[in-house]
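Colleague: So that you have it, the file is run_13.tsv, and it contains TSV, C-alpha atoms and all ligand atoms:
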```
chain	number	residue	atom	x	y	z
K	11	MET	CA	0.00	0.00	0.00
K	12	ALA	CA	1.51	3.29	-1.08
K	13	PRO	CA	1.89	5.72	1.81
K	14	GLU	CA	0.32	8.43	-0.38
K	15	PHE	CA	-2.93	6.52	0.04
K	16	TYR	CA	-3.27	8.16	3.43
K	17	ASN	CA	-3.40	11.72	2.09
K	18	PRO	CA	-7.11	12.12	1.24
K	19	LEU	CA	-8.15	9.92	4.14
K	20	LEU	CA	-6.29	11.99	6.73
K	21	ILE	CA	-7.68	15.22	5.29
K	22	LEU	CA	-11.18	13.75	5.42
K	23	ILE	CA	-10.99	12.55	9.01
K	24	SER	CA	-9.16	15.63	10.36
K	25	PRO	CA	-12.32	17.62	11.26
K	26	PHE	CA	-13.55	14.59	13.26
K	27	ILE	CA	-10.17	14.49	15.02
K	28	GLY	CA	-10.55	18.23	15.65
K	29	SER	CA	-13.90	17.56	17.31
K	30	PHE	CA	-12.23	15.07	19.65
K	31	LEU	CA	-9.29	17.41	20.33
K	32	GLY	CA	-11.84	20.05	21.39
K	33	VAL	CA	-13.20	17.61	23.97
K	34	VAL	CA	-9.66	16.80	25.15
K	35	ILE	CA	-8.83	20.52	25.49
K	36	LEU	CA	-11.95	21.20	27.58
K	37	ARG	CA	-11.82	18.08	29.78
K	38	LEU	CA	-8.18	17.07	30.25
K	39	PRO	CA	-7.16	20.13	32.36
K	40	LEU	CA	-10.18	19.49	34.62
K	41	GLY	CA	-9.28	15.82	35.05
K	42	GLU	CA	-12.58	14.76	33.47
K	43	ARG	CA	-13.01	11.54	31.53
K	44	LEU	CA	-12.44	11.95	27.81
K	45	VAL	CA	-14.88	9.32	26.66
K	46	THR	CA	-18.27	9.57	28.33
K	47	GLY	CA	-20.68	7.65	26.14
K	48	ARG	CA	-22.77	9.48	23.55
K	49	SER	CA	-22.18	13.13	22.68
K	50	LYS	CA	-24.51	15.65	24.28
K	51	CYS	CA	-25.44	19.26	23.66
K	52	PRO	CA	-23.26	21.33	26.04
K	53	GLU	CA	-26.34	23.47	26.86
K	54	CYS	CA	-29.35	21.15	27.22
K	55	SER	CA	-27.52	17.79	27.54
K	56	HIS	CA	-29.76	16.26	24.88
K	57	ILE	CA	-28.03	13.26	23.31
K	58	LEU	CA	-27.06	14.22	19.76
K	59	ALA	CA	-28.07	12.10	16.79
K	60	PHE	CA	-25.30	11.24	14.35
K	61	TRP	CA	-26.37	13.80	11.73
K	62	TYR	CA	-26.01	16.64	14.25
K	63	MET	CA	-22.38	15.72	14.85
K	64	ILE	CA	-20.82	15.92	11.38
K	65	PRO	CA	-17.98	18.40	11.87
K	66	LEU	CA	-18.43	21.83	10.29
K	67	ILE	CA	-21.34	20.70	8.08
K	68	SER	CA	-23.73	20.33	11.02
K	69	TYR	CA	-22.62	23.66	12.45
K	70	VAL	CA	-23.36	25.41	9.15
K	71	LEU	CA	-26.64	23.55	8.50
K	72	TRP	CA	-28.07	24.39	11.94
K	73	ARG	CA	-26.48	27.85	11.92
K	74	GLY	CA	-24.40	27.22	15.02
K	75	LYS	CA	-27.38	26.34	17.18
K	76	CYS	CA	-28.40	23.16	18.97
K	77	ALA	CA	-31.17	21.41	17.01
K	78	TYR	CA	-33.00	20.59	20.26
K	79	CYS	CA	-32.75	23.68	22.47
K	80	ALA	CA	-31.74	26.24	19.80
K	81	LYS	CA	-29.05	27.63	22.12
K	82	ARG	CA	-25.90	28.85	20.44
K	83	ILE	CA	-23.08	26.27	20.29
K	84	PRO	CA	-19.75	27.91	21.20
K	85	ALA	CA	-17.62	28.70	18.13
K	86	PHE	CA	-14.79	26.86	19.90
K	87	TYR	CA	-16.01	23.51	18.49
K	88	PRO	CA	-16.02	24.38	14.77
K	89	LEU	CA	-12.82	26.40	15.23
K	90	MET	CA	-11.04	23.29	16.55
K	91	GLU	CA	-12.37	21.28	13.60
K	92	ILE	CA	-11.02	23.89	11.18
K	93	ALA	CA	-7.67	24.09	13.01
K	94	ALA	CA	-7.18	20.30	12.87
K	95	LEU	CA	-7.99	20.38	9.14
K	96	LEU	CA	-5.58	23.29	8.54
K	97	ALA	CA	-2.77	21.42	10.33
K	98	VAL	CA	-3.22	18.48	7.94
K	99	LEU	CA	-3.43	20.70	4.85
K	100	TRP	CA	-0.28	22.54	5.96
K	101	ALA	CA	1.54	19.23	6.48
K	102	ALA	CA	0.33	18.05	3.04
K	103	LEU	CA	1.95	21.11	1.42
K	104	VAL	CA	5.37	20.28	2.87
K	105	THR	CA	5.54	16.50	3.38
K	106	THR	CA	4.54	13.22	1.72
K	107	GLY	CA	4.22	9.54	2.55
K	108	MET	CA	5.08	8.34	6.03
K	109	VAL	CA	6.46	11.75	7.06
K	110	PHE	CA	3.06	13.27	6.20
K	111	VAL	CA	1.23	10.75	8.41
K	112	ILE	CA	3.62	11.42	11.29
K	113	SER	CA	3.34	15.19	10.71
K	114	CYS	CA	-0.44	14.98	11.08
K	115	LEU	CA	-0.10	13.23	14.44
K	116	LEU	CA	2.49	15.76	15.61
K	117	GLY	CA	0.37	18.67	14.37
K	118	TRP	CA	-2.72	17.50	16.24
K	119	ALA	CA	-0.74	16.93	19.45
K	120	LEU	CA	0.91	20.38	19.25
K	121	LEU	CA	-2.41	22.05	18.43
K	122	THR	CA	-3.94	20.47	21.53
K	123	LEU	CA	-1.02	21.47	23.76
K	124	ALA	CA	-0.92	25.03	22.38
K	125	VAL	CA	-4.62	25.63	23.02
K	126	ILE	CA	-4.59	24.02	26.50
K	127	ASP	CA	-1.58	26.12	27.57
K	128	TRP	CA	-3.19	29.25	26.12
K	129	ARG	CA	-6.42	28.63	28.08
K	130	ASN	CA	-5.17	26.94	31.28
K	131	PHE	CA	-1.41	27.63	31.54
K	132	ILE	CA	-0.65	23.92	31.83
K	133	LEU	CA	0.83	21.29	29.54
K	134	PRO	CA	-0.58	17.90	30.59
K	135	ASP	CA	1.90	15.01	31.06
K	136	ALA	CA	-0.66	12.84	29.26
K	137	ILE	CA	0.38	14.58	26.03
K	138	THR	CA	3.97	15.80	26.59
K	139	LEU	CA	5.38	12.46	27.81
K	140	PRO	CA	3.98	10.37	24.91
K	141	LEU	CA	5.28	13.11	22.61
K	142	ILE	CA	8.85	12.49	23.88
K	143	VAL	CA	8.51	8.74	23.24
K	144	GLY	CA	6.86	9.46	19.87
K	145	GLY	CA	9.75	11.68	18.73
K	146	LEU	CA	12.35	9.04	19.57
K	147	GLY	CA	10.22	6.31	17.96
K	148	MET	CA	9.80	8.47	14.86
K	149	ILE	CA	13.55	8.97	14.31
K	150	ALA	CA	14.33	5.31	15.12
K	151	LEU	CA	11.84	4.39	12.38
K	152	LEU	CA	12.64	6.99	9.72
K	153	ASN	CA	16.35	7.71	10.18
K	154	PRO	CA	18.05	5.54	12.83
K	155	ASP	CA	21.44	7.15	12.06
K	156	ARG	CA	20.19	10.32	13.75
K	157	LEU	CA	18.79	8.61	16.86
K	158	VAL	CA	21.77	9.66	19.01
K	159	LEU	CA	21.42	13.32	17.92
K	160	HIS	CA	17.76	13.25	18.97
K	161	LEU	CA	18.50	11.54	22.29
K	162	VAL	CA	21.15	14.18	23.01
K	163	GLY	CA	18.71	16.88	21.89
K	164	MET	CA	16.10	15.61	24.34
K	165	VAL	CA	18.55	15.59	27.27
K	166	VAL	CA	20.12	18.98	26.43
K	167	ALA	CA	16.67	20.55	26.03
K	168	ALA	CA	15.56	19.26	29.43
K	169	VAL	CA	18.78	20.48	31.05
K	170	ILE	CA	18.57	23.97	29.45
K	171	LEU	CA	14.94	24.75	30.31
K	172	GLY	CA	15.06	22.77	33.56
K	173	GLY	CA	18.12	24.80	34.62
K	174	LEU	CA	16.54	28.11	33.59
K	175	SER	CA	13.36	27.21	35.45
K	176	TYR	CA	15.34	26.31	38.58
K	177	LEU	CA	17.42	29.51	38.47
K	178	TYR	CA	14.36	31.67	37.88
K	179	GLY	CA	12.64	30.01	40.83
K	180	LEU	CA	15.67	30.68	43.06
K	181	ILE	CA	15.98	34.35	42.09
K	182	ARG	CA	12.33	35.33	41.83
K	183	GLN	CA	10.87	32.90	44.39
K	184	ARG	CA	8.13	32.00	41.96
K	185	GLU	CA	7.63	29.73	38.99
K	186	GLY	CA	8.50	31.33	35.66
K	187	LEU	CA	8.85	28.29	33.44
K	188	GLY	CA	6.71	25.34	34.39
K	189	GLN	CA	7.76	21.70	34.39
K	190	GLY	CA	5.38	21.26	31.44
K	191	ASP	CA	7.52	23.66	29.37
K	192	VAL	CA	10.61	21.62	30.27
K	193	LYS	CA	8.94	18.37	29.14
K	194	LEU	CA	7.63	19.94	25.93
K	195	PHE	CA	11.09	21.29	25.07
K	196	ALA	CA	12.56	17.84	25.79
K	197	ALA	CA	9.96	16.46	23.35
K	198	ALA	CA	11.08	19.09	20.84
K	199	GLY	CA	14.65	17.83	21.19
K	200	ALA	CA	13.43	14.28	20.59
K	201	TRP	CA	11.60	15.41	17.43
K	202	VAL	CA	14.14	17.68	15.74
K	203	GLY	CA	17.45	16.69	17.38
K	204	ILE	CA	20.11	18.84	19.01
K	205	ASP	CA	20.61	20.86	15.79
K	206	GLY	CA	17.00	22.14	15.80
K	207	LEU	CA	16.80	23.35	19.41
K	208	GLY	CA	18.31	26.81	18.81
K	209	THR	CA	15.79	27.57	16.07
K	210	ILE	CA	12.87	26.51	18.25
K	211	LEU	CA	14.06	28.69	21.15
K	212	ILE	CA	14.50	31.72	18.90
K	213	ILE	CA	11.10	31.34	17.20
K	214	SER	CA	9.19	30.73	20.44
K	215	THR	CA	10.91	33.53	22.38
K	216	LEU	CA	10.31	36.05	19.57
K	217	LEU	CA	6.68	34.94	19.27
K	218	ALA	CA	6.18	35.20	23.04
K	219	LEU	CA	7.62	38.74	23.12
K	220	LEU	CA	5.66	39.82	20.05
K	221	ALA	CA	2.36	38.35	21.26
K	222	THR	CA	2.73	39.70	24.80
K	223	PHE	CA	3.57	43.16	23.47
K	224	SER	CA	0.73	43.17	20.89
K	225	LEU	CA	-1.84	41.90	23.40
K	226	GLY	CA	-0.66	44.64	25.78
K	227	VAL	CA	-1.24	47.26	23.07
K	228	ILE	CA	-4.66	45.83	22.18
K	229	GLU	CA	-5.73	45.68	25.83
K	230	LYS	CA	-4.11	49.09	26.43
K	231	LYS	CA	-2.10	48.08	29.47
K	232	SER	CA	1.64	48.03	30.00
K	233	PRO	CA	3.14	44.54	30.18
K	234	ASP	CA	3.07	43.27	33.74
K	235	ARG	CA	6.31	41.85	35.10
K	236	PHE	CA	4.36	39.03	36.67
K	237	GLN	CA	2.10	38.43	33.70
K	238	LYS	CA	1.60	34.75	32.98
K	239	ILE	CA	2.82	33.76	29.54
K	240	PRO	CA	1.67	30.53	27.87
K	241	PHE	CA	5.21	29.73	26.70
K	242	GLY	CA	4.16	26.18	25.74
K	243	SER	CA	1.89	27.61	23.03
K	244	TYR	CA	4.86	29.41	21.45
K	245	LEU	CA	7.13	26.37	21.88
K	246	SER	CA	4.51	24.33	20.01
K	247	VAL	CA	4.60	26.74	17.07
K	248	GLY	CA	8.42	26.75	17.11
K	249	LEU	CA	8.55	22.96	17.06
K	250	TRP	CA	5.97	22.74	14.26
K	251	LEU	CA	7.85	25.19	12.00
K	252	THR	CA	11.24	23.61	12.71
K	253	TRP	CA	9.85	20.10	12.11
K	254	LEU	CA	8.38	21.10	8.74
K	255	TYR	CA	11.07	23.46	7.43
K	256	GLY	CA	14.23	22.45	9.32
K	257	PRO	CA	16.54	24.58	11.48
K	258	LEU	CA	17.51	28.13	10.44
K	259	SER	CA	20.67	27.83	8.35
K	260	LEU	CA	22.53	30.49	10.36
K	261	LEU	CA	22.45	28.35	13.50
A	1	ZN	ZN	-29.19	21.81	23.24
```
Could I get this structure in the form of structure tokens?

Modeller:
Amino acid sequence: MAPEFYNPLLILISPFIGSFLGVVILRLPLGERLVTGRSKCPECSHILAFWYMIPLISYVLWRGKCAYCAKRIPAFYPLMEIAALLAVLWAALVTTGMVFVISCLLGWALLTLAVIDWRNFILPDAITLPLIVGGLGMIALLNPDRLVLHLVGMVVAAVILGGLSYLYGLIRQREGLGQGDVKLFAAAGAWVGIDGLGTILIISTLLALLATFSLGVIEKKSPDRFQKIPFGSYLSVGLWLTWLYGPLSLL
């Protein structure tokens, strides 16, 4: 079976995956079960028939309202379906075959982490730890010659951010970088190897500064020294870009 066979299939199922990722994003930080029988309307708890659950299409057909109680369904759900689809389309532009399949899985995981960190300021172990194993498994499968570089990347990443987090805690007496950020950066090392870490740090730090500054301008308040920053969201973007396009050639 040619690996290219997966292309249309993955694009087709991605909005359904996006639906599920939306559930994960809402429930995982609260410690709620991910699979709880049949899907219900978030407003009236009416069990939804299959034809009300087709991603995007149902939302458009029923104009974003529940077919039973007519209450508005939060735009979060269709937005997640679109985001999961966009991740796959983006991967399809840059990769093919087995790398495309793996890119879809990575894209969905990073999308989930980025949105959870943005909303809750946490990066659940349930996603970051499998991502570390996944990165090492990926390189062992696709390019075993580089396995050592990725193992070293994982360790160096954990030491760099772990060390920074420890120092920051000592000096400021508060947590600046969470343990979740350390694990996600270790996963990044496992995915792109030691040679990609610099690029990821540069992209995510620039994004974090830019986003914090722009949000400050939009909300018309000066950046707060103690403002919480969802650094994991920016790390996710940095890892995604470096995975797809490789490290910056200057580094
Ligand atoms: Zn309803």

Colleague: Please determine, counting all atoms listed in the file, which residue among K:Ala167, K:Ile126, K:Ile212, K:Met148 has the shortest atom-to-atom distance to K:Arg37.

Modeller: K:Ile126

Colleague: Give one line per residue of chain K that approaches ligand ZN 1 (chain A) to at most 10 Å, naming the two atoms of the closest pair and their distance in Å to one decimal, counting all atoms listed in the file; sort by chain then ascending residue number and deliver it as CSV.

Modeller:
```
residue,atom,partner,partner_atom,distance
K:Lys50,CA,A:ZN1,ZN,7.8
K:Cys51,CA,A:ZN1,ZN,4.6
K:Pro52,CA,A:ZN1,ZN,6.6
K:Glu53,CA,A:ZN1,ZN,4.9
K:Cys54,CA,A:ZN1,ZN,4.0
K:Ser55,CA,A:ZN1,ZN,6.1
K:His56,CA,A:ZN1,ZN,5.8
K:Ile57,CA,A:ZN1,ZN,8.6
K:Leu58,CA,A:ZN1,ZN,8.6
K:Lys75,CA,A:ZN1,ZN,7.8
K:Cys76,CA,A:ZN1,ZN,4.5
K:Ala77,CA,A:ZN1,ZN,6.5
K:Tyr78,CA,A:ZN1,ZN,5.0
K:Cys79,CA,A:ZN1,ZN,4.1
K:Ala80,CA,A:ZN1,ZN,6.2
K:Lys81,CA,A:ZN1,ZN,5.9
K:Arg82,CA,A:ZN1,ZN,8.3
K:Ile83,CA,A:ZN1,ZN,8.1
```

Colleague: For a test of reading the model, state the distance in Å between atom CA of K:Asp135 and atom CA of K:Gly186, rounded to one decimal.

Modeller: 18.2 Å

Colleague: So which one's closest to K:Leu133, K:Thr215, K:Ser246, K:Thr252, K:Thr106? Using all atoms listed in the file, please.

Modeller: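 Distance minimum relative to K:Leu133 lands on K:Ser246.
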
Colleague: Taking (-13.8, 17.1, 28.9) in the file's own coordinates, collect the residues within 10 Å, counting only C-alpha atoms, and hand them back as an MDAnalysis selection string.

Modeller: chainID K and resid 30:46

Colleague: Which one of K:Val104, K:Leu120, K:Leu96, K:Ala136 sits closest to K:Leu245 if you count all atoms listed in the file?

Modeller: K:Leu120

Colleague: So that I can check the surroundings of K:Gly199, please list as a count of residues only every protein, DNA and RNA residue that reaches within 8 Å of it, counting all atoms listed in the file and ignoring chain neighbours fewer than 6 positions away.

Modeller: 10

Colleague: How far is it from atom CA of K:Ser243 to atom CA of K:Ser68, in Å with one decimal?

Modeller: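 Taking atom CA of K:Ser243 as the start and atom CA of K:Ser68 as the end point, the length is 29.2 Å.
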
Colleague: Determine, counting all atoms listed in the file, which protein, DNA and RNA residues have an atom within 9 Å of an atom of K:Leu95; residues of the same chain fewer than 4 positions away are not included. Present the result as a ChimeraX atom specification.

Modeller: /K:20-25,27-28,90-91,99-100

Colleague: Rank nothing, just name the residue among K:Ala221, K:Met108, K:Ile210, K:Val158 nearest to K:Leu258, using all atoms listed in the file.

Modeller: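 Nearest to K:Leu258: K:Ile210.
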